[in-house]
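In what follows, a single structure is set out as structure tokens and then discussed.
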Amino acid sequence: AAAGRPADGEVSSDSETEGLSLGRRRREAAEEEVEETPQEKKLRLAKQYLEELRQLEEERAEEEEEETQPADLIGDRLKEDVLEQKGRLQRLVAKDVQPPDPASIRVLRGHQLPVTCLVISPDDRFIFSASKDGSLIKCKWEVDSGKRLCVVPGGRKGTEEQHMGHASHILCMAISSDGKYLATGDRNKLIMIWDTATCKRLHIFTGHRDAVSGLSFRKGTHQLYSASHDRCVKVWNVAENAYVETLFGHQDVITGLDSLSRECCVTAGGRDGTVRLWKIPEETQLVFSGHQGSIDCIHLINEEHMVSGADDGSLALWGLTKKKPLALARQAHGVQDAQGLEQPYWISAVAALRNSDLLATGSHSASVKLWKCGEGFRKLEHLWDIPLVGFVNSLKFSSSGDFLVAGIGQEHRLGRWWRIKEAKNSICIIPLKQRATASGPESPGSS
């Protein structure tokens, strides 16, 4: 650890070869400790998974007093898991979403400067947000209070050695799928790992050579992917406090990153005009192109489809087997009159309700837009506008789909090109209600 830092463990990826070999040695050692064949391991894990499913579904059946037998519920759940892994699970919910009442939107204040990023805990109970002021706030989502449970204040530049929080703009954050770890990345090249329950800092990861602009935990693991303006992607093992490897390929700053269960991640490559799929074990990448401007944000819908937004105002739907977009909405948020020139509103944030046909996009056009993905993800249909003034720097759906959270700022998260004075630096919670006549839960969507 650097002199003067709290002894919470600082991990650097500066030595690429050493870090990579360390990660591999750890994996090899772990494999040697388990004295069982691959077949025995698969059988043990399958039995463990089925037992967990059985207990979970029995608890749900008791709570809801359903007459359905747990065995049937397990079968349905297994079928859903298979569809999800194949990227073919598509819950058709968009057509039943009602236009939100603007009066029902709750606004949470607390950050002094623009909110840049946020995440929702897996159980939908907590919202973590961060800002250009370097602060980190944990809010409990309660209908009545929305109260702040924890605030980690930001520090001044140069106080990194003794300050517990960030001393520069926080640009991105991610939460592990078990809700145990929170990761935050800042403009000063640092990644900090936090205990979500206590908001105590656990580790500092160093090694990126420019601002950290994207973070994502691989679902079901404590493997963390990070992206940076230094144009590379790094892989970390948070539970072991270890650096694993670095991947290169983008020709411009990386502006966004996302991942799901597979050992891969997707990134938005800014002005190099590409979206990339990184296959971590093979250390290879697939390149996708279709936007005309700088790609600012990206989000996976399921294991086979993703959505991205760019500063040319376009919104793109992708299938991971096609190099060009399956659907493209140009000027998705309309155009603005900027000094006598018509310019499209930038797409600054995208979100997808996982494994569904419902999307949300944000800009500085005074509204968040909801979209429906058409059959086979080959069409984008605009549904509703939700009035929100300011730069929408982050969007997240709750896992239940009951609400959408927007991080609002007077400025864009990556720069200060414009300032919307009437905007409030805040978190906006938008309730999403569905019509009573909801259809079947899923439909196999084809790419």
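Simple scheme: letters A, B, ... for chains in structure tokens order, numbers from 1 for residues in each chain, numbers from 1 for ligands in the order shown.
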Could you list, as a ChimeraX atom specification, every residue within 12 Å of Phe403 in chain A, counting only C-alpha atoms and ignoring same-chain residues fewer than 2 positions away? /A:97-98,100,104-106,120,124-125,127,141,143,353,360,395-401,405-406,428-434
Now that the selection is made, can you save its residues with C-alpha atoms as a PDB file, in the first residue's frame?
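Everything below was put into part-v1.pdb:
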```
ATOM      1  CA  VAL A  97     -46.535  -0.497 -19.463  1.00  0.00           C
ATOM      2  CA  GLN A  98     -48.723   2.531 -18.750  1.00  0.00           C
ATOM      3  CA  PRO A 100     -46.077   7.211 -15.857  1.00  0.00           C
ATOM      4  CA  SER A 104     -45.602  10.218  -9.106  1.00  0.00           C
ATOM      5  CA  ILE A 105     -41.893  10.753  -9.874  1.00  0.00           C
ATOM      6  CA  ARG A 106     -39.877  11.036  -6.646  1.00  0.00           C
ATOM      7  CA  ILE A 120     -29.850  -0.631  -7.766  1.00  0.00           C
ATOM      8  CA  ASP A 124     -34.425  -3.569  -5.345  1.00  0.00           C
ATOM      9  CA  ARG A 125     -34.203  -2.152  -1.799  1.00  0.00           C
ATOM     10  CA  ILE A 127     -29.958   2.761  -4.660  1.00  0.00           C
ATOM     11  CA  TRP A 141     -35.817   2.877  -1.571  1.00  0.00           C
ATOM     12  CA  VAL A 143     -42.135   4.817  -0.775  1.00  0.00           C
ATOM     13  CA  LEU A 353     -35.159  -4.439 -18.412  1.00  0.00           C
ATOM     14  CA  ALA A 360     -35.263   3.365 -21.795  1.00  0.00           C
ATOM     15  CA  LEU A 395     -30.609   4.892 -16.197  1.00  0.00           C
ATOM     16  CA  LYS A 396     -31.411   1.617 -14.422  1.00  0.00           C
ATOM     17  CA  PHE A 397     -34.517  -0.564 -14.279  1.00  0.00           C
ATOM     18  CA  SER A 398     -35.272  -2.358 -11.023  1.00  0.00           C
ATOM     19  CA  SER A 399     -34.970  -6.128 -11.443  1.00  0.00           C
ATOM     20  CA  SER A 400     -38.728  -6.439 -10.862  1.00  0.00           C
ATOM     21  CA  GLY A 401     -39.477  -3.823 -13.533  1.00  0.00           C
ATOM     22  CA  VAL A 405     -34.199   5.258 -11.747  1.00  0.00           C
ATOM     23  CA  ALA A 406     -32.520   8.191 -13.532  1.00  0.00           C
ATOM     24  CA  CYS A 428     -35.405  10.490  -9.959  1.00  0.00           C
ATOM     25  CA  ILE A 429     -37.447   7.369  -9.184  1.00  0.00           C
ATOM     26  CA  ILE A 430     -40.113   6.703 -11.820  1.00  0.00           C
ATOM     27  CA  PRO A 431     -42.811   4.133 -10.890  1.00  0.00           C
ATOM     28  CA  LEU A 432     -43.804   1.825 -13.762  1.00  0.00           C
ATOM     29  CA  LYS A 433     -47.299   0.380 -13.654  1.00  0.00           C
ATOM     30  CA  GLN A 434     -48.608  -2.315 -15.952  1.00  0.00           C
TER      31      GLN A 434
END
```
If we count only C-alpha atoms, what is near Arg413 in chain A at a cut-off of 12 Å, once residues fewer than 3 positions away on the same chain are taken out, given as JSON, numbers by chain? {"A": [113, 114, 115, 116, 117, 118, 130, 131, 132, 133, 169, 170, 171, 172, 186, 187, 213, 255, 256, 296, 297, 348, 349, 363, 364, 390, 391, 392, 393, 394, 407, 408, 409, 410, 416, 417, 418, 419, 425]}
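Taking only C-alpha atoms, the non-local environment of Met173 in chain A within 8 Å (same-chain residues fewer than 3 positions away omitted) comprises Cys117, Leu118, Val119, Ala130, Leu182, Ala183, Thr184, Gly185, Gly214, Leu215 and Ser216 of chain A.
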For the residues selected in the previous step, produce a file with C-alpha atoms as a compact mmCIF listing (two decimals), in the first residue's frame.
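Saved result, part18.txt, follows:
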```txt
# COMPACT_ATOMS: atom_id res chain seq x y z
CA CYS A 117 -23.86 6.99 -12.28
CA LEU A 118 -26.08 4.79 -10.14
CA VAL A 119 -26.95 1.15 -9.46
CA ALA A 130 -22.21 8.88 -7.31
CA LEU A 182 -19.81 -2.22 -4.95
CA ALA A 183 -17.14 -0.96 -7.36
CA THR A 184 -16.62 2.71 -8.28
CA GLY A 185 -14.25 4.22 -10.87
CA GLY A 214 -16.98 1.61 -17.23
CA LEU A 215 -17.40 -1.15 -14.63
CA SER A 216 -19.40 -4.38 -14.55
```
Quick one: residues within 7 Å of Pro387 in chain A, only C-alpha atoms counted, chain neighbours fewer than 6 positions away excluded, as a PyMOL selection string? chain A and resi 102+366-368
For C-alpha atoms, I'd like the residues from the last selection saved as a PDB file, in the first residue's frame.
```pdb
ATOM      1  CA  PRO A 102     -45.221  12.943 -13.758  1.00  0.00           C
ATOM      2  CA  ALA A 366     -36.137  17.258 -21.245  1.00  0.00           C
ATOM      3  CA  SER A 367     -37.468  13.693 -21.349  1.00  0.00           C
ATOM      4  CA  VAL A 368     -36.643  10.035 -20.793  1.00  0.00           C
TER       5      VAL A 368
END
```
Sel. of strand (DSSP E or B) residues, range 148-352 of chain A, as a PyMOL selection string: chain A and resi 148-152+170-175+181-186+191-195+200-206+212-217+223-228+232-237+242-248+256-258+264-268+270+274-279+284-289+295-300+305-310+315-319+327-329+335-338+341-344+349-352
